[in-house]
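Text of data-v3.cif (mmCIF, N, CA and C atoms) as supplied:
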data_coords
#
loop_
_atom_site.group_PDB
_atom_site.id
_atom_site.type_symbol
_atom_site.label_atom_id
_atom_site.label_comp_id
_atom_site.auth_asym_id
_atom_site.auth_seq_id
_atom_site.Cartn_x
_atom_site.Cartn_y
_atom_site.Cartn_z
ATOM 1 N N MET A 99 36.012 18.138 -6.473
ATOM 2 C CA MET A 99 35.444 17.755 -5.188
ATOM 3 C C MET A 99 36.521 17.015 -4.388
ATOM 4 N N HIS A 100 36.602 17.330 -3.118
ATOM 5 C CA HIS A 100 37.556 16.681 -2.220
ATOM 6 C C HIS A 100 36.775 15.932 -1.146
ATOM 7 N N GLU A 101 37.443 14.980 -0.522
ATOM 8 C CA GLU A 101 36.786 14.165 0.495
ATOM 9 C C GLU A 101 37.732 13.945 1.662
ATOM 10 N N ILE A 102 37.203 14.077 2.869
ATOM 11 C CA ILE A 102 37.975 13.745 4.066
ATOM 12 C C ILE A 102 37.800 12.248 4.296
ATOM 13 N N LYS A 103 38.855 11.494 4.039
ATOM 14 C CA LYS A 103 38.772 10.040 4.166
ATOM 15 C C LYS A 103 38.892 9.582 5.614
ATOM 16 N N SER A 104 39.772 10.225 6.381
ATOM 17 C CA SER A 104 39.920 9.836 7.782
ATOM 18 C C SER A 104 40.607 10.950 8.560
ATOM 19 N N PHE A 105 40.476 10.882 9.872
ATOM 20 C CA PHE A 105 41.139 11.797 10.787
ATOM 21 C C PHE A 105 42.178 11.022 11.577
ATOM 22 N N SER A 106 43.298 11.640 11.865
ATOM 23 C CA SER A 106 44.262 11.067 12.802
ATOM 24 C C SER A 106 43.646 11.226 14.196
ATOM 25 N N VAL A 107 43.280 10.119 14.804
ATOM 26 C CA VAL A 107 42.572 10.171 16.081
ATOM 27 C C VAL A 107 43.430 10.858 17.142
ATOM 28 N N TRP A 108 44.686 10.455 17.286
ATOM 29 C CA TRP A 108 45.559 10.996 18.321
ATOM 30 C C TRP A 108 45.800 12.488 18.116
ATOM 31 N N GLN A 109 46.228 12.884 16.918
ATOM 32 C CA GLN A 109 46.569 14.282 16.650
ATOM 33 C C GLN A 109 45.351 15.195 16.761
ATOM 34 N N THR A 110 44.241 14.791 16.179
ATOM 35 C CA THR A 110 43.034 15.612 16.226
ATOM 36 C C THR A 110 42.541 15.768 17.663
ATOM 37 N N SER A 111 42.566 14.688 18.420
ATOM 38 C CA SER A 111 42.111 14.726 19.810
ATOM 39 C C SER A 111 42.991 15.628 20.657
ATOM 40 N N ARG A 112 44.303 15.575 20.435
ATOM 41 C CA ARG A 112 45.214 16.438 21.192
ATOM 42 C C ARG A 112 44.946 17.906 20.903
ATOM 43 N N VAL A 113 44.806 18.249 19.638
ATOM 44 C CA VAL A 113 44.599 19.653 19.264
ATOM 45 C C VAL A 113 43.276 20.167 19.832
ATOM 46 N N VAL A 114 42.210 19.399 19.667
ATOM 47 C CA VAL A 114 40.905 19.822 20.166
ATOM 48 C C VAL A 114 40.920 19.924 21.695
ATOM 49 N N ALA A 115 41.578 18.990 22.368
ATOM 50 C CA ALA A 115 41.648 19.031 23.830
ATOM 51 C C ALA A 115 42.386 20.281 24.309
ATOM 52 N N VAL A 116 43.478 20.639 23.648
ATOM 53 C CA VAL A 116 44.214 21.843 24.041
ATOM 54 C C VAL A 116 43.359 23.085 23.812
ATOM 55 N N LEU A 117 42.661 23.141 22.679
ATOM 56 C CA LEU A 117 41.786 24.283 22.411
ATOM 57 C C LEU A 117 40.674 24.377 23.456
ATOM 58 N N GLN A 118 40.047 23.249 23.753
ATOM 59 C CA GLN A 118 38.967 23.257 24.737
ATOM 60 C C GLN A 118 39.487 23.586 26.128
ATOM 61 N N GLY A 119 40.654 23.058 26.480
ATOM 62 C CA GLY A 119 41.237 23.343 27.790
ATOM 63 C C GLY A 119 41.576 24.814 27.957
ATOM 64 N N THR A 120 42.111 25.411 26.902
ATOM 65 C CA THR A 120 42.440 26.834 26.945
ATOM 66 C C THR A 120 41.182 27.675 27.118
ATOM 67 N N LEU A 121 40.165 27.372 26.341
ATOM 68 C CA LEU A 121 38.911 28.097 26.470
ATOM 69 C C LEU A 121 38.290 27.873 27.854
ATOM 70 N N ALA A 122 38.364 26.652 28.368
ATOM 71 C CA ALA A 122 37.804 26.352 29.689
ATOM 72 C C ALA A 122 38.543 27.119 30.779
ATOM 73 N N TRP A 123 39.867 27.310 30.634
ATOM 74 C CA TRP A 123 40.609 28.070 31.625
ATOM 75 C C TRP A 123 40.171 29.530 31.608
ATOM 76 N N ILE A 124 39.998 30.085 30.413
ATOM 77 C CA ILE A 124 39.538 31.475 30.300
ATOM 78 C C ILE A 124 38.151 31.621 30.926
ATOM 79 N N GLU A 125 37.259 30.685 30.603
ATOM 80 C CA GLU A 125 35.927 30.714 31.211
ATOM 81 C C GLU A 125 36.016 30.524 32.713
ATOM 82 N N GLY A 126 36.916 29.636 33.143
ATOM 83 C CA GLY A 126 37.086 29.356 34.562
ATOM 84 C C GLY A 126 37.484 30.581 35.360
ATOM 85 N N VAL A 127 38.303 31.445 34.749
ATOM 86 C CA VAL A 127 38.698 32.684 35.427
ATOM 87 C C VAL A 127 37.458 33.537 35.714
ATOM 88 N N PHE A 128 36.593 33.654 34.726
ATOM 89 C CA PHE A 128 35.370 34.443 34.935
ATOM 90 C C PHE A 128 34.445 33.786 35.959
ATOM 91 N N PHE A 129 34.310 32.466 35.887
ATOM 92 C CA PHE A 129 33.492 31.759 36.879
ATOM 93 C C PHE A 129 34.087 31.916 38.275
ATOM 94 N N ALA A 130 35.417 31.866 38.371
ATOM 95 C CA ALA A 130 36.091 32.018 39.663
ATOM 96 C C ALA A 130 35.848 33.407 40.244
ATOM 97 N N LEU A 131 35.921 34.409 39.396
ATOM 98 C CA LEU A 131 35.646 35.772 39.878
ATOM 99 C C LEU A 131 34.225 35.879 40.414
ATOM 100 N N GLY A 132 33.284 35.261 39.727
ATOM 101 C CA GLY A 132 31.901 35.247 40.210
ATOM 102 C C GLY A 132 31.774 34.502 41.523
ATOM 103 N N SER A 133 32.497 33.387 41.655
ATOM 104 C CA SER A 133 32.454 32.614 42.898
ATOM 105 C C SER A 133 33.044 33.402 44.059
ATOM 106 N N LEU A 134 34.150 34.085 43.787
ATOM 107 C CA LEU A 134 34.761 34.896 44.846
ATOM 108 C C LEU A 134 33.847 36.035 45.255
ATOM 109 N N LYS A 135 33.164 36.617 44.288
ATOM 110 C CA LYS A 135 32.237 37.712 44.576
ATOM 111 C C LYS A 135 31.136 37.261 45.528
ATOM 112 N N HIS A 136 30.742 35.979 45.401
ATOM 113 C CA HIS A 136 29.671 35.438 46.241
ATOM 114 C C HIS A 136 30.213 34.682 47.456
ATOM 115 N N GLY A 137 31.524 34.777 47.693
ATOM 116 C CA GLY A 137 32.104 34.196 48.905
ATOM 117 C C GLY A 137 32.331 32.703 48.854
ATOM 118 N N HIS A 138 32.696 32.159 47.709
ATOM 119 C CA HIS A 138 32.950 30.722 47.574
ATOM 120 C C HIS A 138 34.374 30.482 47.066
ATOM 121 N N PRO A 139 35.382 30.599 47.949
ATOM 122 C CA PRO A 139 36.774 30.477 47.497
ATOM 123 C C PRO A 139 37.134 29.071 46.996
ATOM 124 N N LEU A 140 36.583 28.022 47.592
ATOM 125 C CA LEU A 140 36.893 26.663 47.126
ATOM 126 C C LEU A 140 36.336 26.427 45.723
ATOM 127 N N GLN A 141 35.178 26.949 45.483
ATOM 128 C CA GLN A 141 34.579 26.840 44.154
ATOM 129 C C GLN A 141 35.433 27.607 43.135
ATOM 130 N N ALA A 142 35.973 28.742 43.530
ATOM 131 C CA ALA A 142 36.838 29.527 42.653
ATOM 132 C C ALA A 142 38.096 28.748 42.304
ATOM 133 N N ILE A 143 38.682 28.056 43.274
ATOM 134 C CA ILE A 143 39.876 27.237 43.008
ATOM 135 C C ILE A 143 39.541 26.131 42.025
ATOM 136 N N PHE A 144 38.378 25.508 42.186
ATOM 137 C CA PHE A 144 37.966 24.465 41.234
ATOM 138 C C PHE A 144 37.874 25.034 39.822
ATOM 139 N N PHE A 145 37.266 26.208 39.696
ATOM 140 C CA PHE A 145 37.094 26.789 38.358
ATOM 141 C C PHE A 145 38.421 27.153 37.707
ATOM 142 N N ILE A 146 39.431 27.478 38.497
ATOM 143 C CA ILE A 146 40.738 27.835 37.945
ATOM 144 C C ILE A 146 41.547 26.578 37.604
ATOM 145 N N ILE A 147 41.442 25.534 38.428
ATOM 146 C CA ILE A 147 42.291 24.350 38.254
ATOM 147 C C ILE A 147 41.503 23.141 37.737
ATOM 148 N N GLY A 148 40.445 22.782 38.439
ATOM 149 C CA GLY A 148 39.726 21.541 38.129
ATOM 150 C C GLY A 148 38.907 21.593 36.856
ATOM 151 N N PHE A 149 38.200 22.680 36.656
ATOM 152 C CA PHE A 149 37.322 22.810 35.490
ATOM 153 C C PHE A 149 38.084 22.642 34.174
ATOM 154 N N PRO A 150 39.216 23.352 33.971
ATOM 155 C CA PRO A 150 39.955 23.164 32.716
ATOM 156 C C PRO A 150 40.484 21.738 32.535
ATOM 157 N N ILE A 151 40.885 21.109 33.634
ATOM 158 C CA ILE A 151 41.392 19.731 33.530
ATOM 159 C C ILE A 151 40.274 18.793 33.103
ATOM 160 N N VAL A 152 39.118 18.909 33.728
ATOM 161 C CA VAL A 152 37.976 18.051 33.388
ATOM 162 C C VAL A 152 37.566 18.255 31.927
ATOM 163 N N VAL A 153 37.473 19.512 31.499
ATOM 164 C CA VAL A 153 37.072 19.809 30.120
ATOM 165 C C VAL A 153 38.096 19.276 29.127
ATOM 166 N N THR A 154 39.388 19.424 29.445
ATOM 167 C CA THR A 154 40.443 18.939 28.554
ATOM 168 C C THR A 154 40.392 17.424 28.408
ATOM 169 N N VAL A 155 40.268 16.719 29.511
ATOM 170 C CA VAL A 155 40.230 15.249 29.472
ATOM 171 C C VAL A 155 38.985 14.771 28.728
ATOM 172 N N LEU A 156 37.832 15.321 29.057
ATOM 173 C CA LEU A 156 36.607 14.908 28.371
ATOM 174 C C LEU A 156 36.640 15.292 26.893
ATOM 175 N N GLY A 157 37.202 16.444 26.581
ATOM 176 C CA GLY A 157 37.336 16.861 25.184
ATOM 177 C C GLY A 157 38.194 15.884 24.403
ATOM 178 N N PHE A 158 39.293 15.439 25.004
ATOM 179 C CA PHE A 158 40.160 14.454 24.343
ATOM 180 C C PHE A 158 39.416 13.144 24.103
ATOM 181 N N ILE A 159 38.749 12.643 25.135
ATOM 182 C CA ILE A 159 38.055 11.351 25.034
ATOM 183 C C ILE A 159 36.946 11.408 23.985
ATOM 184 N N PHE A 160 36.107 12.429 24.033
ATOM 185 C CA PHE A 160 34.994 12.515 23.084
ATOM 186 C C PHE A 160 35.476 12.756 21.661
ATOM 187 N N THR A 161 36.504 13.583 21.497
ATOM 188 C CA THR A 161 37.032 13.809 20.152
ATOM 189 C C THR A 161 37.639 12.529 19.594
ATOM 190 N N ALA A 162 38.372 11.804 20.421
ATOM 191 C CA ALA A 162 38.958 10.533 19.965
ATOM 192 C C ALA A 162 37.851 9.572 19.527
ATOM 193 N N PHE A 163 36.792 9.497 20.323
ATOM 194 C CA PHE A 163 35.689 8.605 19.963
ATOM 195 C C PHE A 163 35.039 9.020 18.651
ATOM 196 N N PHE A 164 34.771 10.317 18.496
ATOM 197 C CA PHE A 164 34.105 10.768 17.275
ATOM 198 C C PHE A 164 35.004 10.657 16.051
ATOM 199 N N CYS A 165 36.307 10.863 16.217
ATOM 200 C CA CYS A 165 37.229 10.642 15.089
ATOM 201 C C CYS A 165 37.230 9.179 14.685
ATOM 202 N N TRP A 166 37.308 8.292 15.673
ATOM 203 C CA TRP A 166 37.268 6.857 15.386
ATOM 204 C C TRP A 166 35.954 6.491 14.693
ATOM 205 N N LEU A 167 34.839 7.005 15.215
ATOM 206 C CA LEU A 167 33.534 6.713 14.631
ATOM 207 C C LEU A 167 33.443 7.246 13.206
ATOM 208 N N TYR A 168 33.931 8.467 12.980
ATOM 209 C CA TYR A 168 33.936 9.042 11.633
ATOM 210 C C TYR A 168 34.735 8.145 10.689
ATOM 211 N N ASN A 169 35.907 7.714 11.129
ATOM 212 C CA ASN A 169 36.748 6.867 10.287
ATOM 213 C C ASN A 169 36.044 5.559 9.931
ATOM 214 N N GLN A 170 35.299 5.004 10.867
ATOM 215 C CA GLN A 170 34.562 3.762 10.591
ATOM 216 C C GLN A 170 33.459 4.001 9.560
ATOM 217 N N ILE A 171 32.722 5.069 9.737
ATOM 218 C CA ILE A 171 31.614 5.378 8.827
ATOM 219 C C ILE A 171 32.134 5.794 7.455
ATOM 220 N N ALA A 172 33.183 6.625 7.434
ATOM 221 C CA ALA A 172 33.734 7.094 6.157
ATOM 222 C C ALA A 172 34.303 5.940 5.344
ATOM 223 N N ALA A 173 34.839 4.931 6.005
ATOM 224 C CA ALA A 173 35.386 3.776 5.283
ATOM 225 C C ALA A 173 34.281 2.995 4.570
ATOM 226 N N ARG A 174 33.083 3.023 5.115
ATOM 227 C CA ARG A 174 31.976 2.254 4.528
ATOM 228 C C ARG A 174 31.130 3.074 3.553
ATOM 229 N N PHE A 175 30.905 4.353 3.894
ATOM 230 C CA PHE A 175 29.976 5.164 3.105
ATOM 231 C C PHE A 175 30.633 6.329 2.369
ATOM 232 N N GLY A 176 31.895 6.568 2.642
ATOM 233 C CA GLY A 176 32.576 7.721 2.065
ATOM 234 C C GLY A 176 32.620 8.843 3.073
ATOM 235 N N GLY A 177 33.600 9.705 2.894
ATOM 236 C CA GLY A 177 33.792 10.796 3.837
ATOM 237 C C GLY A 177 32.982 12.025 3.469
ATOM 238 N N ILE A 178 33.187 13.068 4.239
ATOM 239 C CA ILE A 178 32.530 14.342 3.977
ATOM 240 C C ILE A 178 33.134 14.925 2.705
ATOM 241 N N ALA A 179 32.292 15.278 1.749
ATOM 242 C CA ALA A 179 32.758 15.838 0.482
ATOM 243 C C ALA A 179 32.610 17.349 0.524
ATOM 244 N N PHE A 180 33.608 18.037 -0.035
ATOM 245 C CA PHE A 180 33.556 19.486 -0.096
ATOM 246 C C PHE A 180 34.306 19.954 -1.322
ATOM 247 N N GLU A 181 33.991 21.159 -1.744
ATOM 248 C CA GLU A 181 34.599 21.736 -2.932
ATOM 249 C C GLU A 181 35.476 22.921 -2.513
ATOM 250 N N LEU A 182 36.659 22.996 -3.088
ATOM 251 C CA LEU A 182 37.558 24.099 -2.811
ATOM 252 C C LEU A 182 37.630 25.015 -4.005
ATOM 253 N N THR A 183 37.641 26.303 -3.743
ATOM 254 C CA THR A 183 37.827 27.261 -4.827
ATOM 255 C C THR A 183 39.018 28.137 -4.460
ATOM 256 N N PRO A 184 39.828 28.496 -5.447
ATOM 257 C CA PRO A 184 40.972 29.351 -5.160
ATOM 258 C C PRO A 184 40.519 30.742 -4.706
ATOM 259 N N ARG A 185 41.235 31.293 -3.783
ATOM 260 C CA ARG A 185 40.916 32.625 -3.278
ATOM 261 C C ARG A 185 41.576 33.659 -4.197
ATOM 262 N N SER A 186 40.826 34.671 -4.549
ATOM 263 C CA SER A 186 41.402 35.702 -5.418
ATOM 264 C C SER A 186 42.177 36.691 -4.570
ATOM 265 N N GLU A 187 43.385 36.990 -5.003
ATOM 266 C CA GLU A 187 44.237 37.949 -4.302
ATOM 267 C C GLU A 187 43.855 39.350 -4.762
ATOM 268 N N THR A 188 43.467 40.207 -3.838
ATOM 269 C CA THR A 188 43.080 41.579 -4.189
ATOM 270 C C THR A 188 44.024 42.581 -3.587
#

What do you get writing this file as structure tokens?
Amino acid sequence: MHEIKSFSVWQTSRVVAVLQGTLAWIEGVFFALGSLKHGHPLQAIFFIIGFPIVVTVLGFIFTAFFCWLYNQIAARFGGIAFELTPRSET
């Protein structure tokens, strides 16, 4: 049995923020196309530029908070326990 004792708040938050920002940009492109189709060019610009920035910043902040919170709880009650099994090569 293995246990996650703590998360690196900075590193985990950066990685999750980049992943969320990338996904938000991809989604933003589709939202922008929909906005342009309905005649809302300013809204389309927001979806291409503003939406990914907002999602990235909020993703970083919330992930940092939850990593910190996890570390506090894991220090008192123990971390998430999981079992690893070797993968068979076929």

Write out as a ChimeraX atom specification the set of residues from chain A that DSSP, computed on the backbone, places in alpha helix (DSSP H). /A:107-135,139-143,149-175

Within 7 Å of region 120-130 of chain A, counting all atoms listed in the file, which residues qualify if same-chain residues fewer than 3 places away don't, as a count of residues only? 18

Tell me, in Å to one decimal, how far CA of Phe175 (chain A) is from CA of Val113 (chain A). 26.2 Å

Could you write out as an MDAnalysis selection string the residues that the PyMOL selection byres (((chain A and resi 104 and name CA) around 7) and name CA) matches in the shown file? chainID A and resid 102:103 105:106 169 172

Residue by residue, what does the PyMOL selection byres (((chain A and resi 162 and name CA) around 8) and name CA) grab here? Present the result as a list in words.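 This file, filtered by the PyMOL selection byres (((chain A and resi 162 and name CA) around 8) and name CA), leaves Val107, Trp108, Thr110, Ser111, Phe158, Ile159, Phe160, Thr161, Phe163, Phe164, Cys165 and Trp166 of chain A.
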
One decimal, in Å: what's the spacing between CA of Tyr168 (chain A) and CA of His100 (chain A)?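 These atoms are spaced 16.2 Å apart.
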
Selection under test: the PyMOL selection byres ((chain A and resi 181-188) around 7); residues as a PDB file with N, CA and C atoms, keeping the file's coordinate frame:
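Everything below was put into expr_36.pdb:
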ATOM      1  N   MET A  99      36.012  18.138  -6.473  1.00  0.00           N
ATOM      2  CA  MET A  99      35.444  17.755  -5.188  1.00  0.00           C
ATOM      3  C   MET A  99      36.521  17.015  -4.388  1.00  0.00           C
ATOM      4  N   HIS A 100      36.602  17.330  -3.118  1.00  0.00           N
ATOM      5  CA  HIS A 100      37.556  16.681  -2.220  1.00  0.00           C
ATOM      6  C   HIS A 100      36.775  15.932  -1.146  1.00  0.00           C
ATOM      7  N   ALA A 179      32.292  15.278   1.749  1.00  0.00           N
ATOM      8  CA  ALA A 179      32.758  15.838   0.482  1.00  0.00           C
ATOM      9  C   ALA A 179      32.610  17.349   0.524  1.00  0.00           C
ATOM     10  N   PHE A 180      33.608  18.037  -0.035  1.00  0.00           N
ATOM     11  CA  PHE A 180      33.556  19.486  -0.096  1.00  0.00           C
ATOM     12  C   PHE A 180      34.306  19.954  -1.322  1.00  0.00           C
TER      13      PHE A 180
END

If I take CA of Gln118 (chain A) and atom C of Gly148 (chain A), how far is one from the other in Å, to one decimal?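 Value for the CA of Gln118 (chain A)-atom C of Gly148 (chain A) distance: 12.2 Å.
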
Centre and size of axis-aligned box enclosing region 117-136 of chain A plus 4 Å each side, as lines of an AutoDock Vina configuration file:
center_x = 36.2
center_y = 30.4
center_z = 34.9
size_x = 21.0
size_y = 22.7
size_z = 33.0

Per-residue DSSP, chain A, filtered to strand (DSSP E), as a list of chain:residue names: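 Listing strand (DSSP E) positions across chain A yields A:His100, A:Glu101, A:Ile102, A:Ile178, A:Ala179, A:Phe180.
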
Of the candidates A:Ala173, A:Leu131, A:Val155, A:Leu140, which one gets nearest to Gly119 (chain A) if we count all atoms listed in the file?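 Of A:Ala173, A:Leu131, A:Val155, A:Leu140, the one nearest Gly119 (chain A) is A:Val155, counting all atoms listed in the file.
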
File contents for region 106-137 of chain A with N, CA and C atoms as a CSV table (one decimal), in the first residue's frame:
chain,number,residue,atom,x,y,z
A,106,SER,N,3.2,19.1,-3.8
A,106,SER,CA,3.9,20.4,-4.0
A,106,SER,C,2.9,21.4,-4.5
A,107,VAL,N,2.6,22.3,-3.6
A,107,VAL,CA,1.5,23.3,-4.0
A,107,VAL,C,1.9,24.1,-5.2
A,108,TRP,N,3.1,24.6,-5.3
A,108,TRP,CA,3.5,25.4,-6.5
A,108,TRP,C,3.5,24.6,-7.8
A,109,GLN,N,4.2,23.5,-7.8
A,109,GLN,CA,4.3,22.7,-9.0
A,109,GLN,C,3.0,22.1,-9.4
A,110,THR,N,2.2,21.6,-8.5
A,110,THR,CA,0.9,21.0,-8.9
A,110,THR,C,0.0,22.1,-9.4
A,111,SER,N,0.0,23.2,-8.8
A,111,SER,CA,-0.9,24.3,-9.2
A,111,SER,C,-0.5,24.8,-10.6
A,112,ARG,N,0.8,24.9,-10.9
A,112,ARG,CA,1.2,25.3,-12.2
A,112,ARG,C,0.8,24.4,-13.3
A,113,VAL,N,1.0,23.1,-13.0
A,113,VAL,CA,0.7,22.1,-14.1
A,113,VAL,C,-0.8,22.1,-14.3
A,114,VAL,N,-1.6,22.1,-13.3
A,114,VAL,CA,-3.1,22.1,-13.4
A,114,VAL,C,-3.6,23.3,-14.1
A,115,ALA,N,-3.0,24.5,-13.8
A,115,ALA,CA,-3.4,25.8,-14.4
A,115,ALA,C,-3.1,25.7,-15.9
A,116,VAL,N,-1.9,25.2,-16.3
A,116,VAL,CA,-1.6,25.1,-17.7
A,116,VAL,C,-2.5,24.2,-18.4
A,117,LEU,N,-2.9,23.1,-17.8
A,117,LEU,CA,-3.8,22.1,-18.5
A,117,LEU,C,-5.2,22.8,-18.6
A,118,GLN,N,-5.6,23.4,-17.6
A,118,GLN,CA,-7.0,24.1,-17.6
A,118,GLN,C,-7.0,25.2,-18.6
A,119,GLY,N,-5.9,26.0,-18.6
A,119,GLY,CA,-5.8,27.1,-19.6
A,119,GLY,C,-5.8,26.6,-21.0
A,120,THR,N,-5.1,25.6,-21.3
A,120,THR,CA,-5.1,25.0,-22.6
A,120,THR,C,-6.4,24.5,-23.1
A,121,LEU,N,-7.1,23.8,-22.2
A,121,LEU,CA,-8.4,23.3,-22.5
A,121,LEU,C,-9.4,24.5,-22.6
A,122,ALA,N,-9.3,25.5,-21.8
A,122,ALA,CA,-10.1,26.7,-21.9
A,122,ALA,C,-9.9,27.4,-23.2
A,123,TRP,N,-8.7,27.5,-23.7
A,123,TRP,CA,-8.4,28.1,-25.0
A,123,TRP,C,-9.1,27.4,-26.1
A,124,ILE,N,-9.0,26.0,-26.1
A,124,ILE,CA,-9.7,25.2,-27.1
A,124,ILE,C,-11.2,25.4,-27.1
A,125,GLU,N,-11.7,25.4,-25.8
A,125,GLU,CA,-13.2,25.7,-25.7
A,125,GLU,C,-13.5,27.1,-26.2
A,126,GLY,N,-12.6,28.0,-25.8
A,126,GLY,CA,-12.9,29.4,-26.2
A,126,GLY,C,-13.0,29.6,-27.7
A,127,VAL,N,-12.2,28.8,-28.5
A,127,VAL,CA,-12.3,28.9,-29.9
A,127,VAL,C,-13.7,28.6,-30.4
A,128,PHE,N,-14.2,27.5,-29.8
A,128,PHE,CA,-15.5,27.1,-30.2
A,128,PHE,C,-16.6,28.1,-29.8
A,129,PHE,N,-16.5,28.6,-28.6
A,129,PHE,CA,-17.4,29.6,-28.1
A,129,PHE,C,-17.3,30.9,-29.0
A,130,ALA,N,-16.1,31.2,-29.4
A,130,ALA,CA,-15.9,32.4,-30.2
A,130,ALA,C,-16.5,32.2,-31.6
A,131,LEU,N,-16.4,31.0,-32.1
A,131,LEU,CA,-17.1,30.8,-33.4
A,131,LEU,C,-18.6,30.9,-33.3
A,132,GLY,N,-19.1,30.4,-32.2
A,132,GLY,CA,-20.6,30.6,-32.0
A,132,GLY,C,-20.9,32.0,-31.8
A,133,SER,N,-20.1,32.8,-31.1
A,133,SER,CA,-20.4,34.2,-30.9
A,133,SER,C,-20.3,35.0,-32.2
A,134,LEU,N,-19.3,34.7,-33.0
A,134,LEU,CA,-19.2,35.3,-34.3
A,134,LEU,C,-20.4,35.0,-35.2
A,135,LYS,N,-20.9,33.7,-35.1
A,135,LYS,CA,-22.0,33.3,-35.9
A,135,LYS,C,-23.3,34.1,-35.6
A,136,HIS,N,-23.4,34.5,-34.3
A,136,HIS,CA,-24.5,35.3,-33.8
A,136,HIS,C,-24.3,36.8,-33.8
A,137,GLY,N,-23.1,37.2,-34.4
A,137,GLY,CA,-22.8,38.6,-34.5
A,137,GLY,C,-22.3,39.3,-33.3
